[in-house]
Amino acid sequence: MKNFPVSILERGELLLFRKLSLPRKIQDFLERIPINFDHKKDTCVSPRVMLKKNKAHCIEGAFFAAAVLWFQGNEPLLLDLQATDDDYDHVVALFRKNNLWGAISKTNHAVLRYREPIYKNIRELAMSYFHEYFDNKGKKNLRTYSRPFNLARLGADWVTSGKDLWHIAETLDSSPHFPILTRSAVAG
């Protein structure tokens with residue numbers, strides 16, 4: 001794993017990243033950030049831009065959490081949860097403690113947020129979102145999950161970029177995914 005390039009951070013970012021020393025602290029910080037309801041255009045901003053705008057949606061929060069986790073010495077891992085076409089996908093940042101998986105999440109829906117590090121594998125963690133991932137009619141919409149996506153393989157520019165990070169979102173979206181349900185379970 002590449003070490004986090006501390007020199008890319010501005011002084012305030014460095015102080016904040018040091019303060020957010022545990023996954024639960026990162027989650028608590030993200031819960032205080034307003035949700036990004038930018039109706040003019042969809043955004044996919046870096047952690048630096050998210051902090052400056054003081055708003056985030058799920059992938060922006062996941063980028064931020066992954067950057068802080070990387071700063072703390074962990075791998076900057078994302079998990080993509082894909083839904084049916086009539087619902088939104090969800091992205092979370094992954095972390096491990098005592099060889100068990102947990103997740104940090106930015107969302108409006110409390111049931112789709114933080115996961116304690118109690119899951120033996122990524123499938124178990126992804127499945128923990130299944131029953132809570134439903135639409136207004138009660139239809140469960142979560143369909144696939146990705147393998148852990150390591151942002152470190154892309155370098156560190158994503159942490160401070162002033163440009164939208166759609167290329168990362170698209171790469172994550174097209175990475176290998178695994179079904180949550182069998183075809184017969186989806187049918188019925």
# chains A, B, ... in the order shown; residues from 1 in each chain; ligands from 1
>>> residues_around(residues="region 133-139 of chain A", least_positions_apart="3", cutoff="9 Å", atoms="only C-alpha atoms", output="number ranges by chain")
A: 83, 86-87, 111-112, 129-130, 142
>>> write_last_selection(atoms="N, CA and C atoms", output="PDB file, in the first residue's frame")
ATOM      1  N   ALA A  83     -28.317  -0.639  -7.346  1.00  0.00           N
ATOM      2  CA  ALA A  83     -29.750  -0.883  -7.204  1.00  0.00           C
ATOM      3  C   ALA A  83     -30.385  -1.089  -8.573  1.00  0.00           C
ATOM      4  N   ASP A  86     -34.699   1.949 -11.174  1.00  0.00           N
ATOM      5  CA  ASP A  86     -35.612   2.960 -10.637  1.00  0.00           C
ATOM      6  C   ASP A  86     -35.214   3.438  -9.234  1.00  0.00           C
ATOM      7  N   ASP A  87     -33.987   3.154  -8.825  1.00  0.00           N
ATOM      8  CA  ASP A  87     -33.490   3.600  -7.531  1.00  0.00           C
ATOM      9  C   ASP A  87     -32.049   4.067  -7.701  1.00  0.00           C
ATOM     10  N   VAL A 111     -30.819   4.216   8.024  1.00  0.00           N
ATOM     11  CA  VAL A 111     -30.583   2.772   7.965  1.00  0.00           C
ATOM     12  C   VAL A 111     -29.496   2.385   6.955  1.00  0.00           C
ATOM     13  N   LEU A 112     -29.096   3.326   6.102  1.00  0.00           N
ATOM     14  CA  LEU A 112     -28.038   3.038   5.123  1.00  0.00           C
ATOM     15  C   LEU A 112     -26.690   3.613   5.548  1.00  0.00           C
ATOM     16  N   TYR A 129     -27.184  -4.223   4.037  1.00  0.00           N
ATOM     17  CA  TYR A 129     -27.935  -3.106   3.463  1.00  0.00           C
ATOM     18  C   TYR A 129     -29.199  -3.564   2.729  1.00  0.00           C
ATOM     19  N   PHE A 130     -29.332  -4.844   2.437  1.00  0.00           N
ATOM     20  CA  PHE A 130     -30.414  -5.319   1.564  1.00  0.00           C
ATOM     21  C   PHE A 130     -31.812  -4.977   2.082  1.00  0.00           C
ATOM     22  N   LEU A 142     -31.864  -3.334  -3.887  1.00  0.00           N
ATOM     23  CA  LEU A 142     -30.429  -3.580  -3.962  1.00  0.00           C
ATOM     24  C   LEU A 142     -30.166  -4.866  -4.741  1.00  0.00           C
TER      25      LEU A 142
END
>>> select_by_dssp(residues="region 2-97 of chain A", states="alpha helix (DSSP H)", output="PyMOL selection string")
chain A and resi 11-19+23-32+47-53+58-71
>>> residues_around(residues="Ile8 (chain A)", least_positions_apart="3", cutoff="10 Å", atoms="only C-alpha atoms", output="VMD selection string")
chain A and resid 4 to 5 11 13 to 14 156 to 157 159 to 160
>>> residues_around(residues="Phe37 (chain A)", least_positions_apart="3", cutoff="10 Å", atoms="only C-alpha atoms", output="number ranges by chain")
A: 34, 40-43, 55-57
>>> write_last_selection(atoms="N, CA, C and O atoms", output="CSV table (one decimal), in the first residue's frame")
chain,number,residue,atom,x,y,z
A,34,PRO,N,-24.2,18.9,5.7
A,34,PRO,CA,-25.5,18.8,5.0
A,34,PRO,C,-25.4,17.9,3.7
A,34,PRO,O,-24.3,17.9,3.1
A,40,LYS,N,-28.7,22.2,-9.8
A,40,LYS,CA,-28.2,22.8,-11.0
A,40,LYS,C,-27.5,21.7,-11.8
A,40,LYS,O,-27.6,21.6,-13.0
A,41,LYS,N,-26.7,20.9,-11.2
A,41,LYS,CA,-26.0,19.8,-11.8
A,41,LYS,C,-25.5,18.8,-10.8
A,41,LYS,O,-25.2,19.1,-9.7
A,42,ASP,N,-25.4,17.5,-11.3
A,42,ASP,CA,-24.9,16.5,-10.4
A,42,ASP,C,-23.4,16.8,-10.2
A,42,ASP,O,-22.7,17.2,-11.1
A,43,THR,N,-22.9,16.5,-9.0
A,43,THR,CA,-21.5,16.7,-8.7
A,43,THR,C,-20.9,15.3,-8.2
A,43,THR,O,-21.6,14.4,-7.8
A,55,LYS,N,-20.9,20.3,1.9
A,55,LYS,CA,-22.1,19.5,1.6
A,55,LYS,C,-21.6,18.3,0.8
A,55,LYS,O,-20.5,18.3,0.2
A,56,ALA,N,-22.3,17.2,0.9
A,56,ALA,CA,-21.9,15.9,0.3
A,56,ALA,C,-23.0,15.0,0.0
A,56,ALA,O,-24.0,15.0,0.8
A,57,HIS,N,-22.9,14.2,-1.0
A,57,HIS,CA,-23.8,13.0,-1.1
A,57,HIS,C,-23.0,11.8,-1.0
A,57,HIS,O,-21.8,11.9,-0.6
>>> closest_atom_pairs(of="region 108-167 of chain A", to="region 16-24 of chain A", cutoff="10 Å", atoms="only C-alpha atoms", output="tab-separated table")
residue	atom	partner	partner_atom	distance
A:Tyr114	CA	A:Arg24	CA	8.0
A:Arg115	CA	A:Arg24	CA	9.4
A:Glu116	CA	A:Arg24	CA	8.6
A:Pro117	CA	A:Pro23	CA	9.5
>>> write_last_selection(atoms="N, CA, C and O atoms", output="PDB file, in the first residue's frame")
ATOM      1  N   TYR A 114     -23.639   4.022   8.780  1.00  0.00           N
ATOM      2  CA  TYR A 114     -22.491   3.334   9.369  1.00  0.00           C
ATOM      3  C   TYR A 114     -22.771   1.859   9.648  1.00  0.00           C
ATOM      4  O   TYR A 114     -23.863   1.494  10.064  1.00  0.00           O
ATOM      5  N   ARG A 115     -21.767   1.048   9.429  1.00  0.00           N
ATOM      6  CA  ARG A 115     -21.809  -0.357   9.815  1.00  0.00           C
ATOM      7  C   ARG A 115     -20.616  -0.626  10.727  1.00  0.00           C
ATOM      8  O   ARG A 115     -19.466  -0.338  10.370  1.00  0.00           O
ATOM      9  N   GLU A 116     -20.915  -1.143  11.904  1.00  0.00           N
ATOM     10  CA  GLU A 116     -19.854  -1.534  12.837  1.00  0.00           C
ATOM     11  C   GLU A 116     -18.995  -2.614  12.182  1.00  0.00           C
ATOM     12  O   GLU A 116     -19.494  -3.393  11.364  1.00  0.00           O
ATOM     13  N   PRO A 117     -17.719  -2.699  12.558  1.00  0.00           N
ATOM     14  CA  PRO A 117     -16.846  -3.730  11.982  1.00  0.00           C
ATOM     15  C   PRO A 117     -17.114  -5.099  12.619  1.00  0.00           C
ATOM     16  O   PRO A 117     -16.390  -5.562  13.498  1.00  0.00           O
TER      17      PRO A 117
END
>>> residues_around(residues="Arg32 (chain A)", least_positions_apart="3", cutoff="10 Å", atoms="only C-alpha atoms", output="list of chain:residue names")
A:Gln27, A:Asp28, A:Phe29, A:Ile35, A:Asn54, A:Lys55, A:Lys106
